[in-house]
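Peer 1: Structure file upload.cif, mmCIF, C-alpha atoms, is pasted below:
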data_input
#
loop_
_atom_site.label_atom_id
_atom_site.label_comp_id
_atom_site.auth_asym_id
_atom_site.auth_seq_id
_atom_site.Cartn_x
_atom_site.Cartn_y
_atom_site.Cartn_z
CA MET A 1 5.97 0.15 -12.92
CA PHE A 2 2.24 0.14 -13.63
CA VAL A 3 0.59 -3.24 -13.24
CA HIS A 4 -2.84 -3.98 -14.65
CA PRO A 5 -5.46 -4.19 -11.88
CA ARG A 6 -6.48 -7.75 -12.71
CA ARG A 7 -2.91 -8.98 -12.42
CA ILE A 8 -2.31 -7.34 -9.08
CA ARG A 9 -5.66 -8.02 -7.48
CA ARG A 10 -4.59 -10.82 -5.16
CA GLY A 11 -1.31 -9.13 -4.32
CA ALA A 12 -2.50 -5.58 -3.95
CA ALA A 13 -5.97 -6.02 -2.56
CA LEU A 14 -4.77 -7.87 0.52
CA THR A 15 -1.89 -5.46 0.92
CA LEU A 16 -4.53 -2.75 0.88
CA VAL A 17 -7.16 -4.39 3.02
CA PHE A 18 -6.18 -2.09 5.81
CA ALA A 19 -6.00 0.79 3.40
CA SER A 20 -9.67 0.80 3.90
CA VAL A 21 -10.54 3.03 6.76
CA LEU A 22 -10.62 0.14 8.94
CA ALA A 23 -7.48 -1.61 9.58
CA THR A 24 -8.35 -0.70 13.11
CA GLY A 25 -12.09 -0.18 12.85
CA ALA A 26 -13.34 -2.65 10.27
CA ALA A 27 -11.47 -5.56 11.71
CA VAL A 28 -13.61 -5.32 14.82
CA GLY A 29 -16.71 -4.03 13.07
CA SER A 30 -16.38 -0.59 14.63
CA TRP A 31 -16.27 2.07 11.95
CA GLY A 32 -16.32 4.85 14.50
CA ALA A 33 -13.02 3.64 15.94
CA GLU A 34 -10.99 5.31 13.20
CA PRO A 35 -9.20 8.42 14.51
CA GLY A 36 -10.23 11.56 12.69
CA SER A 37 -13.42 10.10 11.21
CA ARG A 38 -16.94 11.30 11.91
CA ARG A 39 -20.42 11.32 10.48
CA ASP A 40 -21.44 14.60 8.91
CA PRO A 41 -25.01 15.45 7.85
CA GLN A 42 -23.60 17.50 4.98
CA ALA A 43 -21.73 14.47 3.67
CA ALA A 44 -25.05 12.70 3.19
CA ARG A 45 -25.82 15.17 0.41
CA ILE A 46 -22.95 13.68 -1.60
CA PRO A 47 -24.48 10.70 -3.41
CA ALA A 48 -22.78 7.40 -2.69
CA ARG A 49 -21.12 5.99 -5.77
CA ALA A 50 -22.78 2.82 -6.98
CA TYR A 51 -20.24 0.01 -7.13
CA VAL A 52 -20.11 -3.28 -8.96
CA GLY A 53 -19.93 -6.42 -6.91
CA ALA A 54 -22.11 -5.65 -3.91
CA VAL A 55 -21.96 -9.26 -2.77
CA GLU A 56 -22.62 -9.56 0.96
CA SER A 57 -20.37 -11.43 3.36
CA ASP A 58 -23.32 -13.63 4.38
CA GLN A 59 -23.58 -14.92 0.81
CA VAL A 60 -19.89 -15.75 0.70
CA LYS A 61 -19.98 -17.44 4.10
CA ALA A 62 -23.04 -19.49 3.12
CA ALA A 63 -21.34 -20.70 -0.06
CA ALA A 64 -18.22 -21.68 1.88
CA ALA A 65 -20.23 -23.51 4.55
CA ALA A 66 -22.30 -25.41 1.96
CA ALA A 67 -19.16 -26.52 0.14
CA GLN A 68 -17.62 -27.76 3.37
CA GLU A 69 -20.72 -29.78 4.19
CA ASP A 70 -20.36 -31.48 0.79
CA GLY A 71 -16.73 -32.27 1.52
CA LYS A 72 -15.43 -29.61 -0.87
CA SER A 73 -13.16 -26.62 -0.38
CA GLY A 74 -14.99 -23.79 1.35
CA SER A 75 -12.43 -21.17 0.34
CA LYS A 76 -12.61 -22.26 -3.31
CA ALA A 77 -16.39 -21.89 -3.29
CA ALA A 78 -16.05 -18.46 -1.69
CA ARG A 79 -13.58 -17.38 -4.39
CA GLU A 80 -16.03 -18.42 -7.09
CA VAL A 81 -18.81 -16.31 -5.54
CA VAL A 82 -16.54 -13.28 -5.20
CA SER A 83 -15.22 -13.72 -8.76
CA ARG A 84 -18.75 -13.87 -10.22
CA SER A 85 -19.79 -10.77 -8.29
CA GLY A 86 -17.59 -8.51 -10.42
CA ASP A 87 -16.04 -6.95 -7.32
CA ARG A 88 -12.79 -5.59 -8.73
CA TRP A 89 -10.98 -5.77 -5.40
CA GLY A 90 -12.88 -8.62 -3.76
CA ALA A 91 -10.75 -11.67 -2.96
CA VAL A 92 -10.36 -14.60 -0.59
CA TYR A 93 -7.12 -15.28 1.27
CA SER A 94 -5.81 -18.07 3.42
CA ALA A 95 -5.39 -17.38 7.12
CA ARG A 96 -1.62 -17.48 6.66
CA GLU A 97 -1.65 -14.94 3.83
CA TYR A 98 -3.87 -12.61 5.81
CA GLU A 99 -1.82 -12.84 8.97
CA GLY A 100 1.39 -12.19 7.05
CA TYR A 101 0.07 -8.96 5.59
CA ARG A 102 -1.37 -7.88 8.90
CA GLN A 103 2.07 -8.24 10.44
CA THR A 104 3.62 -6.28 7.57
CA LEU A 105 1.24 -3.38 8.16
CA ASP A 106 2.24 -3.46 11.82
CA GLY A 107 5.77 -2.73 10.60
CA ALA A 108 7.30 -6.05 11.69
CA TYR A 109 7.27 -9.61 10.40
CA VAL A 110 9.19 -12.89 10.38
CA GLY A 111 10.82 -13.60 7.03
CA VAL A 112 13.99 -13.38 4.96
CA GLY A 113 13.64 -9.79 3.68
CA ILE A 114 12.55 -10.39 0.09
CA SER A 115 9.82 -8.49 -1.76
CA ALA A 116 8.67 -10.41 -4.84
CA ARG A 117 6.90 -9.63 -8.09
CA ARG A 118 5.52 -11.79 -10.90
CA ASP A 119 5.99 -11.08 -14.61
CA ALA A 120 3.54 -11.76 -17.45
CA GLN A 121 4.93 -15.31 -17.84
CA GLY A 122 4.29 -16.11 -14.19
CA ARG A 123 7.97 -16.05 -13.23
CA ILE A 124 8.82 -14.72 -9.78
CA ALA A 125 11.59 -12.19 -9.36
CA VAL A 126 13.12 -10.50 -6.33
CA GLU A 127 11.85 -6.93 -6.41
CA ARG A 128 13.58 -5.60 -3.31
CA VAL A 129 15.91 -6.89 -0.60
CA GLU A 130 15.64 -5.35 2.87
CA PRO A 131 18.95 -3.94 4.12
CA GLY A 132 20.43 -6.07 6.90
CA SER A 133 18.06 -8.97 6.21
CA PRO A 134 19.09 -12.64 5.84
CA ALA A 135 18.62 -12.32 2.07
CA GLN A 136 20.86 -9.25 1.86
CA LYS A 137 23.57 -10.87 4.00
CA THR A 138 23.79 -13.87 1.65
CA GLY A 139 24.14 -11.71 -1.47
CA ILE A 140 20.66 -12.05 -2.96
CA ARG A 141 19.88 -9.02 -5.15
CA ALA A 142 16.90 -7.31 -6.69
CA GLY A 143 16.36 -8.82 -10.13
CA ASP A 144 17.34 -12.36 -9.14
CA ARG A 145 14.78 -14.90 -10.26
CA LEU A 146 13.18 -16.98 -7.51
CA ARG A 147 12.56 -20.49 -8.84
CA THR A 148 11.74 -22.62 -5.77
CA VAL A 149 11.00 -22.31 -2.07
CA ASP A 150 11.83 -25.48 -0.11
CA HIS A 151 12.01 -27.40 -3.42
CA ARG A 152 8.53 -26.27 -4.48
CA SER A 153 8.33 -24.43 -7.79
CA VAL A 154 6.89 -20.94 -7.39
CA THR A 155 6.48 -20.16 -11.09
CA GLY A 156 2.84 -19.31 -11.76
CA LEU A 157 1.93 -18.90 -8.08
CA PRO A 158 0.28 -15.69 -6.85
CA VAL A 159 2.76 -13.36 -5.18
CA THR A 160 0.79 -13.60 -1.93
CA GLU A 161 1.34 -17.37 -1.85
CA VAL A 162 5.05 -16.99 -2.58
CA VAL A 163 5.36 -14.49 0.28
CA ALA A 164 3.53 -16.90 2.57
CA LEU A 165 6.00 -19.67 1.67
CA LEU A 166 8.95 -17.37 2.36
CA ARG A 167 7.57 -16.46 5.76
CA GLY A 168 6.62 -19.98 6.76
CA PRO A 169 3.80 -20.98 9.16
CA ALA A 170 1.75 -18.18 10.67
CA ASP A 171 3.03 -19.19 14.08
CA GLY A 172 6.59 -19.58 12.81
CA SER A 173 9.46 -18.17 14.83
CA PRO A 174 12.80 -16.61 13.91
CA GLY A 175 15.55 -19.08 13.18
CA THR A 176 13.56 -21.55 11.08
CA ARG A 177 15.25 -22.62 7.85
CA VAL A 178 14.07 -22.09 4.28
CA GLU A 179 15.86 -23.09 1.09
CA LEU A 180 15.53 -20.97 -2.04
CA GLY A 181 16.30 -21.90 -5.62
CA LEU A 182 17.58 -18.83 -7.46
CA ARG A 183 18.81 -17.79 -10.86
CA ARG A 184 20.90 -14.81 -11.95
CA GLY A 185 21.59 -14.71 -15.67
CA GLY A 186 22.84 -18.19 -16.55
CA HIS A 187 23.85 -19.06 -12.98
CA GLU A 188 21.52 -21.19 -10.83
CA TRP A 189 22.08 -21.97 -7.17
CA ARG A 190 20.38 -22.96 -3.92
CA GLN A 191 20.60 -20.80 -0.84
CA GLU A 192 19.59 -21.78 2.67
CA LEU A 193 18.43 -18.92 4.88
CA ARG A 194 17.24 -18.59 8.45
CA ARG A 195 14.15 -16.48 8.95
CA ALA A 196 14.50 -13.46 11.22
CA ARG A 197 12.21 -10.92 12.82
CA LEU A 198 12.43 -7.87 10.60
CA THR A 199 11.13 -4.34 10.91
CA THR A 200 10.23 -2.10 8.01
CA ASP A 201 11.06 1.59 7.75
CA PRO A 202 8.88 3.03 5.00
CA VAL A 203 10.00 6.65 5.46
CA THR A 204 13.32 7.96 4.13
CA VAL A 205 14.36 11.57 4.65
CA ASP A 206 17.29 13.14 2.81
CA ARG A 207 18.43 16.62 1.84
CA LEU A 208 18.86 17.04 -1.91
CA SER A 209 20.36 20.53 -2.02
CA GLY A 210 21.40 23.51 0.04
CA TYR A 211 23.34 21.56 2.66
CA ASP A 212 26.97 22.44 1.89
CA ASP A 213 26.51 26.14 1.31
CA HIS A 214 23.86 26.59 3.99
CA ARG A 215 21.38 27.99 1.51
CA PRO A 216 17.68 27.03 1.65
CA GLY A 217 17.41 23.58 0.17
CA THR A 218 15.09 20.72 -0.73
CA VAL A 219 14.24 17.95 1.70
CA ARG A 220 12.83 14.78 0.18
CA ILE A 221 10.48 12.70 2.30
CA LYS A 222 10.07 9.35 0.54
CA VAL A 223 7.14 7.27 1.82
CA ASP A 224 7.01 3.69 0.50
CA SER A 225 3.82 2.63 2.33
CA PHE A 226 1.59 3.63 5.22
CA THR A 227 2.39 1.03 7.86
CA LYS A 228 1.93 1.60 11.58
CA GLY A 229 3.80 4.69 12.73
CA THR A 230 4.39 6.13 9.25
CA GLY A 231 2.24 9.21 9.82
CA GLU A 232 4.15 10.13 12.96
CA ARG A 233 7.47 9.65 11.15
CA VAL A 234 6.30 12.10 8.46
CA ARG A 235 5.15 14.56 11.12
CA ARG A 236 8.53 14.50 12.87
CA ALA A 237 10.35 14.93 9.57
CA VAL A 238 8.26 17.99 8.66
CA ARG A 239 8.82 19.60 12.05
CA SER A 240 12.60 19.17 11.77
CA ILE A 241 12.97 20.89 8.39
CA PRO A 242 14.89 24.19 8.58
CA ARG A 243 13.01 27.37 7.79
CA GLY A 244 13.25 28.25 4.12
CA ASP A 245 13.63 24.69 2.88
CA GLY A 246 11.05 23.13 0.58
CA ILE A 247 9.57 19.64 0.85
CA LEU A 248 9.42 17.06 -1.92
CA LEU A 249 6.95 14.40 -0.74
CA ASP A 250 7.74 11.36 -2.88
CA LEU A 251 4.80 8.93 -3.04
CA ARG A 252 5.89 7.10 -6.21
CA GLY A 253 5.31 3.37 -5.93
CA ASN A 254 3.47 3.78 -2.62
CA SER A 255 0.92 0.94 -2.59
CA GLY A 256 -1.10 2.36 0.30
CA GLY A 257 -1.62 0.88 3.74
CA LEU A 258 -3.36 2.23 6.82
CA VAL A 259 -5.63 5.15 6.01
CA SER A 260 -5.34 6.37 9.61
CA GLU A 261 -1.61 6.82 8.98
CA ALA A 262 -2.27 8.74 5.75
CA VAL A 263 -4.62 11.04 7.69
CA THR A 264 -1.88 11.63 10.28
CA ALA A 265 0.55 12.44 7.46
CA ALA A 266 -1.99 14.87 5.98
CA SER A 267 -2.25 16.52 9.39
CA SER A 268 1.45 17.38 9.08
CA PHE A 269 0.62 19.77 6.23
CA LEU A 270 -2.91 20.95 7.06
CA ASP A 271 -4.41 22.95 9.90
CA GLY A 272 -7.42 20.70 10.39
CA GLY A 273 -10.23 20.30 7.90
CA LEU A 274 -11.31 17.64 5.45
CA VAL A 275 -8.99 14.92 4.15
CA ALA A 276 -11.56 12.62 2.50
CA THR A 277 -15.13 11.40 2.58
CA TYR A 278 -16.20 7.80 2.21
CA ASP A 279 -19.36 5.74 2.13
CA VAL A 280 -19.99 2.30 3.56
CA ARG A 281 -23.16 0.86 2.06
CA GLY A 282 -24.52 4.40 1.78
CA ASP A 283 -23.53 5.53 5.28
CA GLN A 284 -21.51 8.71 4.76
CA ARG A 285 -18.41 9.51 6.83
CA VAL A 286 -15.60 12.03 6.70
CA LEU A 287 -11.92 11.95 7.66
CA ASP A 288 -10.52 15.12 9.21
CA ALA A 289 -6.95 16.29 9.69
CA ARG A 290 -5.81 17.37 13.11
CA SER A 291 -5.10 21.06 13.61
CA GLY A 292 -1.63 22.56 13.87
CA GLY A 293 0.08 21.30 10.72
CA ASP A 294 2.69 23.21 8.71
CA THR A 295 0.80 25.23 6.13
CA ASP A 296 3.68 27.49 5.05
CA THR A 297 6.58 25.33 3.83
CA PRO A 298 6.53 24.99 0.01
CA LEU A 299 5.38 21.47 -0.88
CA VAL A 300 5.43 19.36 -4.05
CA VAL A 301 4.02 15.82 -4.16
CA LEU A 302 5.59 13.40 -6.64
CA VAL A 303 3.36 10.56 -7.88
CA ASP A 304 3.18 7.87 -10.57
CA GLY A 305 1.03 4.94 -11.70
CA GLY A 306 2.14 2.95 -8.66
CA THR A 307 0.75 5.52 -6.19
CA MET A 308 -2.29 3.78 -4.73
CA SER A 309 -5.09 3.86 -2.19
CA ALA A 310 -4.10 5.66 1.04
CA ALA A 311 -1.34 7.46 -0.88
CA GLU A 312 -3.95 8.68 -3.37
CA LEU A 313 -6.14 9.94 -0.52
CA LEU A 314 -3.24 11.97 0.84
CA THR A 315 -2.41 13.31 -2.65
CA GLY A 316 -6.02 14.25 -3.36
CA ALA A 317 -6.39 16.04 -0.05
CA LEU A 318 -3.24 18.13 -0.47
CA GLN A 319 -4.17 18.94 -4.07
CA ASP A 320 -7.82 19.84 -3.44
CA ARG A 321 -6.96 21.92 -0.39
CA GLY A 322 -4.42 23.90 -2.42
CA ARG A 323 -1.61 22.83 -0.11
CA ALA A 324 0.67 21.19 -2.69
CA VAL A 325 1.49 21.05 -6.37
CA VAL A 326 1.29 17.47 -7.66
CA VAL A 327 3.87 16.40 -10.27
CA GLY A 328 4.30 13.12 -12.16
CA SER A 329 1.81 10.82 -13.86
CA ARG A 330 -1.76 9.76 -13.10
CA THR A 331 -2.05 7.62 -9.99
CA PHE A 332 -3.36 4.06 -9.97
CA GLY A 333 -7.02 4.62 -9.01
CA LYS A 334 -7.69 2.40 -5.99
CA GLY A 335 -10.23 4.24 -3.87
CA SER A 336 -12.53 1.55 -2.54
CA VAL A 337 -13.25 0.48 1.02
CA GLN A 338 -12.89 -3.21 1.85
CA MET A 339 -14.14 -5.04 4.90
CA PRO A 340 -12.66 -8.44 5.87
CA SER A 341 -14.88 -11.35 6.97
CA GLU A 342 -13.62 -14.64 8.39
CA LEU A 343 -14.95 -17.77 6.68
CA PRO A 344 -15.73 -21.12 8.36
CA ASP A 345 -12.36 -22.64 7.39
CA GLY A 346 -10.36 -19.71 8.77
CA SER A 347 -9.73 -18.04 5.41
CA VAL A 348 -10.69 -14.39 4.95
CA ALA A 349 -12.97 -12.82 2.33
CA GLU A 350 -12.32 -9.18 1.56
CA LEU A 351 -15.31 -7.45 -0.02
CA THR A 352 -15.85 -3.95 -1.34
CA VAL A 353 -18.38 -2.03 0.75
CA GLY A 354 -17.87 1.57 -0.39
CA HIS A 355 -15.63 4.22 -1.94
CA TYR A 356 -13.54 7.24 -1.01
CA ARG A 357 -13.74 10.76 -2.43
CA THR A 358 -11.34 13.69 -2.22
CA PRO A 359 -12.35 16.90 -0.40
CA ALA A 360 -13.67 18.28 -3.71
CA GLY A 361 -15.85 15.19 -4.15
CA ARG A 362 -13.72 13.48 -6.83
CA ASN A 363 -13.92 9.72 -7.08
CA VAL A 364 -10.54 8.00 -6.84
CA ASP A 365 -11.50 4.41 -7.64
CA GLY A 366 -10.96 3.67 -11.32
CA GLU A 367 -10.05 7.30 -11.95
CA GLY A 368 -6.85 8.05 -10.12
CA ILE A 369 -5.47 11.50 -9.39
CA ASP A 370 -4.26 13.64 -12.29
CA PRO A 371 -1.16 15.66 -11.42
CA ASP A 372 -1.06 19.42 -11.82
CA LEU A 373 2.05 18.96 -13.95
CA THR A 374 2.27 15.76 -15.97
CA VAL A 375 5.68 14.29 -16.75
CA LYS A 376 5.22 11.89 -19.65
CA GLY A 377 6.84 8.49 -19.78
CA ASP A 378 8.34 6.56 -16.90
CA ASP A 379 11.51 8.58 -16.43
CA GLY A 380 11.95 8.79 -12.68
CA PRO A 381 14.95 11.16 -12.67
CA SER A 382 13.18 13.50 -15.10
CA ALA A 383 10.05 13.59 -12.95
CA GLU A 384 12.06 14.36 -9.84
CA ALA A 385 13.99 17.09 -11.65
CA ARG A 386 10.74 18.72 -12.77
CA ALA A 387 9.35 18.46 -9.25
CA ARG A 388 12.41 20.19 -7.83
CA THR A 389 12.10 22.95 -10.43
CA VAL A 390 8.49 23.50 -9.44
CA LEU A 391 9.46 23.52 -5.78
CA SER A 392 12.12 26.18 -6.36
CA GLY A 393 9.50 28.26 -8.14
CA LEU A 394 7.35 28.06 -5.00
CA GLY A 395 10.23 29.49 -3.00
CA GLY A 396 11.56 26.27 -1.55
CA GLY A 397 15.06 24.99 -2.19
CA ALA A 398 17.39 25.49 -5.08
#
Written as C-alpha cells, how would this file's structure read?

Peer 2:
Amino acid sequence: MFVHPRRIRRGAALTLVFASVLATGAAVGSWGAEPGSRRDPQAARIPARAYVGAVESDQVKAAAAAAQEDGKSGSKAAREVVSRSGDRWGAVYSAREYEGYRQTLDGAYVGVGISARRDAQGRIAVERVEPGSPAQKTGIRAGDRLRTVDHRSVTGLPVTEVVALLRGPADGSPGTRVELGLRRGGHEWRQELRRARLTTDPVTVDRLSGYDDHRPGTVRIKVDSFTKGTGERVRRAVRSIPRGDGILLDLRGNSGGLVSEAVTAASSFLDGGLVATYDVRGDQRVLDARSGGDTDTPLVVLVDGGTMSAAELLTGALQDRGRAVVVGSRTFGKGSVQMPSELPDGSVAELTVGHYRTPAGRNVDGEGIDPDLTVKGDDGPSAEARARTVLSGLGGGA
C-alpha cells in the first residue's frame, strides 16, 4: 500500500531516523563511525543536492527553550519551527516515541505484538500481529479496528503515539497490563493483555520451487526491514543457497531501517565497491560493500511503492552495479539523511541534513527507483510471478 508522504511523515520518519547513515554514528555525532563509509575526494565532484528545510538544530533548540521559559510547551514550539521550515522529513518526537523506535531497530521491544496503521478517516487498524505475541495468543487479527488503549480513544492519533500507548512507559517492564478496545465487523469487545519482551525477525527464507524434484529452484529472501542483525541474516541465507538456484530478494513493503545493515546485505551480492554516496551539509561520503560477496547467483529484486530508504539504497546499488534485475513498481523515494537532536524537555527533533545517491549518482529522495521491468497495478502475486519468470530467464530456478 502506498501512503502519501505527508500522511506517513510522523510514522515513517521516526521509523527511518536510523535509516540515515547514522543510527550508530549520528546518534553520537560521529559520522565516521559507520562501517563501510569513508570520505572520497572524487565524491566531492558530485554536487550536493540542495534540500528544502535546512533548519539548524540550534534554531529548533532555541525555540523550544524560549517557549519553556514562557511556561509553554517546548516540543510544540519546536514542531512549529520544523513545520515552517518545509523539511519534508523533519519532525519532533517525545522521548517515549523515540525510545520505542530505537528499541524496535535493535530487534527487541516490550509490547503486545501489534503493528498499527491509520486510514484517511483517522481510524486505527491492526496491520500485523506478531506470531507468538500476546495479541496473537488472544485471537487479535490483522484488520481488527483498534478503538481505545486503556480507555483512551486512539482515533485521530498519530500512529507513533498509538504505538507508544501500546508499549507503555519507556521504562516499562514485561508483565504490565494494557486494555484494548477492539472492533471486528459489528462485534466490539475489550481485551486485557500483558506486555511481553518480543523480538522481531525481519528476514524470511523459503524455497519456492525445485525442492521436490531436486532441480535448481528459486529461493525467496523476504526482508521486511533493516533492524540490527538483518544484514548478517541475509548474508547467511545467500551462502546457504544450493548451486544453481536463483534468488528472489523481496523488498516490497520494506520501510528501511539501519543503513549499515543494508550495506552488509549489499555485501552479500557484491565483491566490494560502491553502494551509495551521501552528503551531510555538503560534506561528501561514500558507503562501500565488503569484498567476497556472491556475484554469480542469478538475482532479481522485487520492489513496490512501500520500498523505502535503506531498502531503496540496496535496490539502487544492485541495479546500478548490474548485479540484479529489479521488478515491480517505482519505490517510495525516501533518500534523505536525518540527524536527531535532543531538546531541553527530552523530546527529539529529527532534521534533514543531506541526501543519498546511488552508485550512478541518481537521487533517491522524491524520485524513487524505477524497476527494470514494471508490473502495473498493485497485484502482488502477479509481480512475484513476473519476477520468477525473469529469474528463470537468468538461469536461476524454474

Peer 1: May I have a table of the residues of region 151-170 of chain A lying at most 10 Å from region 191-198 of chain A, giving each one's closest pair of atoms and their distance in Å to one decimal, counting only C-alpha atoms, ordered by chain and ascending residue number, as CSV?

Peer 2:
residue,atom,partner,partner_atom,distance
A:Leu166,CA,A:Arg195,CA,8.4
A:Arg167,CA,A:Arg195,CA,7.3
A:Gly168,CA,A:Arg195,CA,8.6

Peer 1: Work out how far CA of Thr204 (chain A) is from CA of Ala262 (chain A), in Å to one decimal.

Peer 2: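 If I compute the distance from CA of Ala262 (chain A) to CA of Thr204 (chain A), I get 15.7 Å.
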
Peer 1: Could you tell me which residues the PyMOL selection byres ((chain A and resi 171-181) around 12) grabs in this file, written as a short mmCIF file (atom, residue, chain, number, x, y, z; two decimals) with C-alpha atoms, keeping the file's coordinate frame?

Peer 2:
data_model
loop_
_atom_site.label_atom_id
_atom_site.label_comp_id
_atom_site.auth_asym_id
_atom_site.auth_seq_id
_atom_site.Cartn_x
_atom_site.Cartn_y
_atom_site.Cartn_z
CA ALA A 95 -5.39 -17.38 7.12
CA ARG A 96 -1.62 -17.48 6.66
CA GLU A 99 -1.82 -12.84 8.97
CA GLY A 100 1.39 -12.19 7.05
CA GLN A 103 2.07 -8.24 10.44
CA TYR A 109 7.27 -9.61 10.40
CA VAL A 110 9.19 -12.89 10.38
CA GLY A 111 10.82 -13.60 7.03
CA VAL A 112 13.99 -13.38 4.96
CA ILE A 114 12.55 -10.39 0.09
CA ILE A 124 8.82 -14.72 -9.78
CA ALA A 125 11.59 -12.19 -9.36
CA VAL A 126 13.12 -10.50 -6.33
CA PRO A 134 19.09 -12.64 5.84
CA ALA A 135 18.62 -12.32 2.07
CA THR A 138 23.79 -13.87 1.65
CA ILE A 140 20.66 -12.05 -2.96
CA ASP A 144 17.34 -12.36 -9.14
CA ARG A 145 14.78 -14.90 -10.26
CA LEU A 146 13.18 -16.98 -7.51
CA ARG A 147 12.56 -20.49 -8.84
CA THR A 148 11.74 -22.62 -5.77
CA VAL A 149 11.00 -22.31 -2.07
CA ASP A 150 11.83 -25.48 -0.11
CA HIS A 151 12.01 -27.40 -3.42
CA ARG A 152 8.53 -26.27 -4.48
CA SER A 153 8.33 -24.43 -7.79
CA VAL A 154 6.89 -20.94 -7.39
CA THR A 155 6.48 -20.16 -11.09
CA VAL A 162 5.05 -16.99 -2.58
CA ALA A 164 3.53 -16.90 2.57
CA LEU A 165 6.00 -19.67 1.67
CA LEU A 166 8.95 -17.37 2.36
CA ARG A 167 7.57 -16.46 5.76
CA GLY A 168 6.62 -19.98 6.76
CA PRO A 169 3.80 -20.98 9.16
CA ALA A 170 1.75 -18.18 10.67
CA LEU A 182 17.58 -18.83 -7.46
CA ARG A 183 18.81 -17.79 -10.86
CA ARG A 184 20.90 -14.81 -11.95
CA HIS A 187 23.85 -19.06 -12.98
CA GLU A 188 21.52 -21.19 -10.83
CA TRP A 189 22.08 -21.97 -7.17
CA ARG A 190 20.38 -22.96 -3.92
CA GLN A 191 20.60 -20.80 -0.84
CA GLU A 192 19.59 -21.78 2.67
CA LEU A 193 18.43 -18.92 4.88
CA ARG A 194 17.24 -18.59 8.45
CA ARG A 195 14.15 -16.48 8.95
CA ALA A 196 14.50 -13.46 11.22
CA ARG A 197 12.21 -10.92 12.82
CA LEU A 198 12.43 -7.87 10.60
#

Peer 1: Using only C-alpha atoms, what residues lie at most 9 Å away from (8.8, 3.4, 11.5) (file coordinates), given as a list in words?

Peer 2: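 Those residues, ordered by chain and then number, are Gly107, Thr199, Thr200, Asp201, Pro202, Val203, Thr227, Lys228, Gly229, Thr230, Gly231, Glu232 and Arg233 of chain A.
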
Peer 1: For the atom pair CA of Arg252 (chain A) and CA of Thr352 (chain A), what is the interatomic distance in Å to one decimal place?

Peer 2: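 Computed distance, CA of Arg252 (chain A) to CA of Thr352 (chain A), equals 24.9 Å.
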
Peer 1: Taking (-0.6, -14.7, -3.7) in the file's coordinates as the center, which residues reach within 9 Å of it, counting all atoms listed in the file, put as a list in words?

Peer 2: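 Within 9 Å of (-0.6, -14.7, -3.7), the protein and nucleic acid residues are Arg10, Gly11, Tyr93, Glu97, Leu157, Pro158, Val159, Thr160, Glu161, Val162, Val163 and Ala164 of chain A.
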
Peer 1: CA of Ser347 (chain A) and CA of Ala67 (chain A), how far apart in Å?

Peer 2: 13.7 Å

Peer 1: Decode the PyMOL selection byres ((chain A and resi 353) around 9) for the given file into explicit residues and return them as a PyMOL selection string.

Peer 2: chain A and resi 51+53-56+279-282+336-339+351-352+354-355

Peer 1: Evaluate the PyMOL selection byres ((chain A and resi 61-66) around 9) on the structure here and hand back the selected residues as an MDAnalysis selection string.

Peer 2: chainID A and resid 56:60 67:79 81 341:345 349

Peer 1: Taking all atoms listed in the file into account, name the residue in A:Ser382, A:Thr104, A:Ser83, A:Ser309 that is nearest to Gly333 (chain A).

Peer 2: A:Ser309

Peer 1: Using all atoms listed in the file, which protein or nucleic acid residues come within 7 Å of Gly122 (chain A)? Drop anything in the same chain fewer than 3 positions from it, and give the result as a list of chain:residue names.

Peer 2: A:Arg118, A:Asp119, A:Thr155, A:Gly156

Peer 1: Which residues, written as a PyMOL selection string, have at least one atom at most 9 Å from Ala360 (chain A), with only C-alpha atoms counted and residues fewer than 4 positions away on the same chain left out?

Peer 2: chain A and resi 276+316-317+320-321

Peer 1: Would you mind exporting C-alpha atoms of the selected residues as a CSV table (one decimal), in the frame of the given file?

Peer 2:
chain,number,residue,atom,x,y,z
A,276,ALA,CA,-11.6,12.6,2.5
A,316,GLY,CA,-6.0,14.2,-3.4
A,317,ALA,CA,-6.4,16.0,0.0
A,320,ASP,CA,-7.8,19.8,-3.4
A,321,ARG,CA,-7.0,21.9,-0.4

Peer 1: Under the rule that only C-alpha atoms are counted, which of A:Thr297, A:Gln121, A:Thr374, A:Asn363 is the nearest residue to Arg330 (chain A)?

Peer 2: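 Of A:Thr297, A:Gln121, A:Thr374, A:Asn363, the one nearest Arg330 (chain A), counting only C-alpha atoms, is A:Thr374.
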